[in-house]
$ cat entry-v2.cif   # mmCIF, C-alpha atoms
data_upload
loop_
_atom_site.label_atom_id
_atom_site.label_comp_id
_atom_site.auth_asym_id
_atom_site.auth_seq_id
_atom_site.Cartn_x
_atom_site.Cartn_y
_atom_site.Cartn_z
CA MET A 1 6.49 -44.16 -46.27
CA ALA A 2 6.39 -46.61 -49.15
CA LYS A 3 3.14 -46.74 -51.12
CA VAL A 4 1.51 -49.64 -52.90
CA ILE A 5 -0.57 -49.27 -56.06
CA ILE A 6 -2.47 -52.19 -57.55
CA ALA A 7 -3.43 -52.21 -61.21
CA GLY A 8 -4.87 -55.43 -62.51
CA ASP A 9 -2.59 -58.19 -61.26
CA ALA A 10 0.39 -55.85 -60.91
CA VAL A 11 1.47 -54.72 -57.46
CA VAL A 12 3.61 -51.60 -57.69
CA ILE A 13 5.65 -50.75 -54.60
CA ASN A 14 6.93 -47.19 -54.63
CA SER A 15 9.66 -46.23 -52.19
CA SER A 16 9.59 -42.80 -50.58
CA ILE A 17 13.22 -42.38 -51.66
CA LYS A 18 14.49 -41.43 -55.11
CA PHE A 19 16.15 -44.26 -57.01
CA GLU A 20 19.26 -42.16 -57.65
CA ASP A 21 19.50 -41.38 -53.92
CA LEU A 22 19.35 -45.10 -53.10
CA LYS A 23 22.18 -45.70 -55.56
CA ALA A 24 24.21 -42.96 -53.86
CA ILE A 25 23.58 -44.48 -50.43
CA LYS A 26 24.63 -47.90 -51.71
CA LYS A 27 27.85 -46.36 -53.01
CA TYR A 28 28.80 -44.18 -50.04
CA ARG A 29 26.92 -45.58 -47.00
CA PRO A 30 25.80 -49.16 -47.83
CA GLU A 31 25.34 -50.06 -44.16
CA ALA A 32 22.46 -47.54 -44.03
CA LEU A 33 20.45 -49.87 -46.28
CA ILE A 34 20.59 -52.72 -43.76
CA LEU A 35 18.18 -53.08 -40.86
CA LYS A 36 19.89 -54.74 -37.92
CA GLY A 37 18.56 -56.30 -34.74
CA GLY A 38 18.74 -59.53 -32.78
CA GLU A 39 20.25 -60.05 -29.34
CA ASP A 40 23.38 -58.01 -29.99
CA GLY A 41 21.80 -55.60 -32.46
CA LYS A 42 24.27 -56.68 -35.14
CA GLU A 43 22.28 -59.37 -36.89
CA GLN A 44 21.15 -58.37 -40.37
CA LEU A 45 17.36 -58.58 -40.59
CA PHE A 46 16.40 -56.76 -43.77
CA LYS A 47 18.12 -55.04 -46.65
CA ILE A 48 17.28 -52.65 -49.48
CA GLY A 49 19.12 -53.70 -52.63
CA ILE A 50 19.74 -52.05 -55.96
CA GLY A 51 19.32 -54.34 -58.96
CA GLU A 52 20.71 -53.81 -62.44
CA ASN A 53 18.04 -55.47 -64.52
CA CYS A 54 15.01 -56.51 -62.56
CA GLY A 55 14.17 -56.06 -58.88
CA GLY A 56 12.52 -58.51 -56.54
CA ILE A 57 11.07 -58.94 -53.11
CA SER A 58 11.61 -61.52 -50.39
CA LYS A 59 11.15 -61.86 -46.66
CA TYR A 60 14.68 -60.56 -46.17
CA GLY A 61 14.69 -57.55 -48.42
CA ILE A 62 13.50 -55.62 -51.42
CA THR A 63 15.50 -54.85 -54.53
CA PHE A 64 14.68 -51.82 -56.62
CA ALA A 65 15.91 -51.61 -60.20
CA THR A 66 13.88 -48.80 -61.73
CA ALA A 67 12.48 -45.35 -61.02
CA THR A 68 8.95 -44.04 -61.43
CA ARG A 69 8.33 -42.27 -64.72
CA ASP A 70 7.02 -39.09 -63.09
CA ASP A 71 9.16 -36.17 -61.94
CA GLU A 72 9.72 -37.67 -58.48
CA LYS A 73 11.81 -40.57 -59.89
CA LEU A 74 11.14 -42.69 -56.82
CA ALA A 75 12.53 -46.20 -56.57
CA THR A 76 9.85 -48.62 -57.67
CA LEU A 77 9.25 -52.34 -57.94
CA THR A 78 6.48 -54.16 -59.77
CA VAL A 79 5.52 -57.72 -58.89
CA VAL A 80 2.68 -59.76 -60.32
CA ASP A 81 0.12 -61.64 -58.28
CA ASN A 82 -3.17 -63.32 -59.07
CA PHE A 83 -6.24 -61.41 -57.90
CA ASP A 84 -8.72 -63.12 -60.17
CA GLY A 85 -12.30 -62.58 -59.01
CA GLU A 86 -11.38 -60.67 -55.85
CA ASP A 87 -12.79 -57.30 -54.85
CA ALA A 88 -10.74 -54.27 -53.83
CA SER A 89 -10.93 -54.84 -50.08
CA SER A 90 -9.88 -58.48 -50.29
CA ILE A 91 -7.04 -57.55 -52.65
CA LYS A 92 -5.82 -54.95 -50.14
CA GLU A 93 -6.06 -57.54 -47.37
CA LYS A 94 -4.13 -60.10 -49.44
CA VAL A 95 -1.36 -57.64 -50.34
CA ALA A 96 -1.07 -56.41 -46.75
CA ASP A 97 -0.84 -60.02 -45.57
CA LYS A 98 1.72 -61.04 -48.18
CA PHE A 99 4.00 -57.98 -48.11
CA GLY A 100 3.19 -56.52 -44.69
CA GLU A 101 6.39 -57.62 -42.97
CA THR A 102 8.54 -56.47 -45.87
CA LEU A 103 6.80 -53.09 -46.07
CA THR A 104 7.10 -52.58 -42.32
CA ASN A 105 10.84 -53.20 -42.47
CA LEU A 106 11.15 -51.03 -45.59
CA ASN A 107 9.39 -48.14 -43.83
CA ALA A 108 11.62 -48.55 -40.77
CA LEU A 109 14.74 -48.29 -42.94
CA GLU A 110 13.44 -45.46 -45.11
CA ALA A 111 12.70 -43.31 -42.05
CA ASN A 112 16.44 -42.81 -41.52
CA LEU A 113 17.49 -42.39 -45.13
CA PRO A 114 16.71 -38.68 -45.66
CA ASP A 115 19.30 -37.81 -42.99
CA VAL A 116 21.81 -40.13 -44.64
CA ILE A 117 21.18 -38.48 -48.02
CA ASP A 118 21.78 -35.05 -46.45
CA GLU A 119 25.05 -36.25 -44.89
CA ILE A 120 26.24 -37.64 -48.23
CA GLU A 121 25.31 -34.42 -50.04
CA THR A 122 27.08 -32.29 -47.42
CA ALA A 123 30.23 -34.41 -47.53
CA LYS A 124 30.22 -34.40 -51.32
CA ASN A 125 29.75 -30.63 -51.49
CA ASP A 126 32.62 -30.11 -49.02
CA ILE A 127 34.89 -32.19 -51.22
CA ILE A 128 33.82 -30.36 -54.37
CA GLU A 129 34.45 -26.97 -52.72
CA ASN A 130 38.02 -28.01 -52.02
CA ILE A 131 38.77 -29.14 -55.53
CA THR A 132 40.59 -26.63 -57.68
CA VAL A 133 40.80 -27.04 -61.42
CA ALA A 134 44.09 -25.27 -62.18
CA GLN A 135 44.38 -25.87 -65.89
CA MET B 1 15.77 -60.43 -67.35
CA ASN B 2 17.18 -61.91 -64.16
CA GLU B 3 15.24 -61.03 -61.04
CA THR B 4 17.41 -59.86 -58.17
CA TYR B 5 16.15 -60.50 -54.66
CA GLN B 6 17.67 -60.57 -51.20
CA VAL B 7 18.69 -63.86 -49.59
CA LYS B 8 19.72 -64.54 -46.01
CA VAL B 9 22.98 -66.46 -45.77
CA VAL B 10 24.43 -68.03 -42.65
CA VAL B 11 28.12 -68.12 -43.56
CA GLY B 12 30.96 -69.45 -41.47
CA ASN B 13 33.26 -72.24 -40.43
CA ASN B 14 33.85 -74.51 -37.43
CA VAL B 15 34.36 -71.62 -35.03
CA LYS B 16 32.60 -68.58 -36.50
CA ARG B 17 29.18 -68.02 -38.03
CA GLU B 18 27.63 -64.82 -39.27
CA THR B 19 24.30 -63.97 -40.86
CA VAL B 20 24.34 -61.65 -43.85
CA ILE B 21 21.75 -60.58 -46.39
CA VAL B 22 23.02 -60.37 -49.95
CA ASP B 23 21.76 -59.96 -53.51
CA SER B 24 20.82 -63.25 -55.16
CA THR B 25 23.27 -62.31 -57.92
CA THR B 26 26.22 -62.31 -55.51
CA THR B 27 28.75 -65.12 -55.90
CA LEU B 28 29.48 -67.47 -53.02
CA ARG B 29 33.14 -66.41 -53.12
CA THR B 30 32.24 -62.74 -52.65
CA VAL B 31 30.26 -63.52 -49.49
CA LEU B 32 33.03 -65.71 -48.07
CA GLU B 33 35.59 -62.97 -48.65
CA GLU B 34 33.36 -60.23 -47.23
CA VAL B 35 32.90 -62.21 -44.01
CA ASP B 36 36.57 -63.20 -44.03
CA ILE B 37 36.11 -66.96 -44.11
CA ASP B 38 39.17 -68.92 -45.26
CA TYR B 39 37.92 -71.35 -47.92
CA THR B 40 41.33 -72.71 -48.92
CA ARG B 41 41.17 -75.62 -46.50
CA GLY B 42 38.43 -78.11 -45.68
CA GLY B 43 35.23 -78.73 -47.56
CA MET B 44 32.69 -76.15 -48.66
CA HIS B 45 29.02 -76.92 -48.17
CA LEU B 46 25.90 -75.13 -49.36
CA ASP B 47 22.87 -76.29 -47.38
CA GLY B 48 24.76 -79.45 -46.52
CA ALA B 49 25.68 -80.33 -50.12
CA THR B 50 29.36 -80.44 -51.01
CA LEU B 51 30.55 -77.74 -53.39
CA THR B 52 33.02 -78.51 -56.18
CA PRO B 53 35.67 -76.36 -57.91
CA GLY B 54 33.99 -73.59 -59.89
CA ASP B 55 30.92 -73.50 -57.69
CA LEU B 56 32.27 -70.58 -55.63
CA ASP B 57 32.00 -68.33 -58.68
CA LYS B 58 28.34 -69.16 -59.17
CA THR B 59 25.64 -66.97 -57.69
CA PHE B 60 22.98 -67.90 -55.14
CA SER B 61 20.32 -67.69 -57.84
CA ASP B 62 22.42 -70.11 -59.96
CA PHE B 63 21.89 -72.63 -57.16
CA GLY B 64 18.17 -71.86 -56.93
CA ILE B 65 18.41 -70.27 -53.50
CA THR B 66 15.28 -68.16 -53.12
CA GLU B 67 15.14 -67.22 -49.45
CA LYS B 68 17.91 -68.45 -47.16
CA CYS B 69 20.80 -70.92 -47.01
CA TYR B 70 23.83 -72.10 -45.06
CA LEU B 71 27.28 -71.63 -46.62
CA LEU B 72 29.82 -73.37 -44.44
CA ASN B 73 33.47 -74.31 -44.58
CA VAL B 74 34.13 -77.42 -42.53
CA VAL B 75 37.68 -78.38 -41.63
CA LYS B 76 37.98 -81.93 -40.36
CA ALA B 77 40.75 -82.36 -37.83
CA ASP B 78 43.25 -85.15 -38.46
CA ASN B 79 42.91 -88.23 -36.31
CA ALA B 80 45.41 -88.40 -33.49
CA ALA B 81 48.42 -90.54 -34.32
CA CYS B 82 48.56 -93.86 -32.53
#
$ encode --input "entry-v2.cif" --output "structure tokens"
Amino acid sequence: MAKVIIAGDAVVINSSIKFEDLKAIKKYRPEALILKGGEDGKEQLFKIGIGENCGGISKYGITFATATRDDEKLATLTVVDNFDGEDASSIKEKVADKFGETLTNLNALEANLPDVIDEIETAKNDIIENITVAQ
Amino acid sequence: MNETYQVKVVVGNNVKRETVIVDSTTTLRTVLEEVDIDYTRGGMHLDGATLTPGDLDKTFSDFGITEKCYLLNVVKADNAAC
């Protein structure tokens, strides 16, 4: 489940998935980063994106561009808001209200990603096992 | 640094429309080709405004799209001959 840390006016959204794993999913199974629904179940509702320079967040998706600096290297996004004069509980309420829908969709998508990562790893390992370097 | 966010695009033509979510740094042409919309005939419109040559290689953020938009190819049928 994604976690949110607030420091000053910065809102840091940490994914539960490693940034490098998200990049691998985007490369090998990009459809796994799209949440679908609607009447026919095919309408795109939400997407996790990988940015090159700077990520962002909108009603329709979240784009990660960096990893946390700790050993976990989770995908992370920092956005700035104005919490001037507000206490901790009202800040939490404001963040939950502003990003709640996005975080709910992000959590729904992330729940399936560990299995996707395993599938990619397995497929990749199978390919590597069948590669022979003759010379 | 350019912020990259996700935008919802309703893309289509007279007979087909599809909703996709793409990076704001994606060009209009890329989306049209991914959804397989023929843009060689008719007029291209972004949120009702007519696009001109060169616009298809601009990104959604270039046009200031921040959340959602309509990208449509409209082919006007010829009038019946008298």
$ resolve_selection --input "entry-v2.cif" --expression "the PyMOL selection byres ((chain A and resi 16-20) around 12)" --output "PyMOL selection string"
chain A and resi 1-4+13-15+21-27+33+48-52+63-77+103+106-117
$ resolve_selection --input "entry-v2.cif" --expression "the PyMOL selection byres ((chain B) within 9 of (chain A))" --output "list in words"
Met1, Asn2, Glu3, Thr4, Tyr5, Gln6, Val7, Lys8, Glu18, Thr19, Val20, Ile21, Val22, Asp23, Thr25, Thr66, Glu67 and Lys68 of chain B
$ residues_around --input "entry-v2.cif" --residues "region 26-39 of chain B" --least-positions-apart "4" --cutoff "7 Å" --atoms "only C-alpha atoms" --output "PyMOL selection string"
chain B and resi 12+22+56-60+73
$ atom_distance --input "entry-v2.cif" --atom1 "CA of Thr122 (chain A)" --atom2 "CA of Arg29 (chain A)"
13.3 Å
$ resolve_selection --input "entry-v2.cif" --expression "the PyMOL selection byres ((chain A and resi 79) around 6)" --output "list in words"
Ala10, Val11, Thr78 and Val80 of chain A
$ residues_near_point --input "entry-v2.cif" --point "(31.6, -82.2, -48.5)" --cutoff "12 Å" --atoms "all atoms listed in the file" --output "JSON list (two decimals) with C-alpha atoms, in the frame of the given file"
[["chain", "number", "residue", "atom", "x", "y", "z"],
["B", 41, "ARG", "CA", 41.17, -75.62, -46.50],
["B", 42, "GLY", "CA", 38.43, -78.11, -45.68],
["B", 43, "GLY", "CA", 35.23, -78.73, -47.56],
["B", 44, "MET", "CA", 32.69, -76.15, -48.66],
["B", 45, "HIS", "CA", 29.02, -76.92, -48.17],
["B", 46, "LEU", "CA", 25.90, -75.13, -49.36],
["B", 47, "ASP", "CA", 22.87, -76.29, -47.38],
["B", 48, "GLY", "CA", 24.76, -79.45, -46.52],
["B", 49, "ALA", "CA", 25.68, -80.33, -50.12],
["B", 50, "THR", "CA", 29.36, -80.44, -51.01],
["B", 51, "LEU", "CA", 30.55, -77.74, -53.39],
["B", 52, "THR", "CA", 33.02, -78.51, -56.18],
["B", 53, "PRO", "CA", 35.67, -76.36, -57.91],
["B", 71, "LEU", "CA", 27.28, -71.63, -46.62],
["B", 72, "LEU", "CA", 29.82, -73.37, -44.44],
["B", 73, "ASN", "CA", 33.47, -74.31, -44.58],
["B", 74, "VAL", "CA", 34.13, -77.42, -42.53],
["B", 75, "VAL", "CA", 37.68, -78.38, -41.63],
["B", 76, "LYS", "CA", 37.98, -81.93, -40.36]]
$ residues_around --input "entry-v2.cif" --residues "Asp84 (chain A)" --least-positions-apart "5" --cutoff "10 Å" --atoms "all atoms listed in the file" --output "list in words"
Gly8, Asp9 and Ile91 of chain A
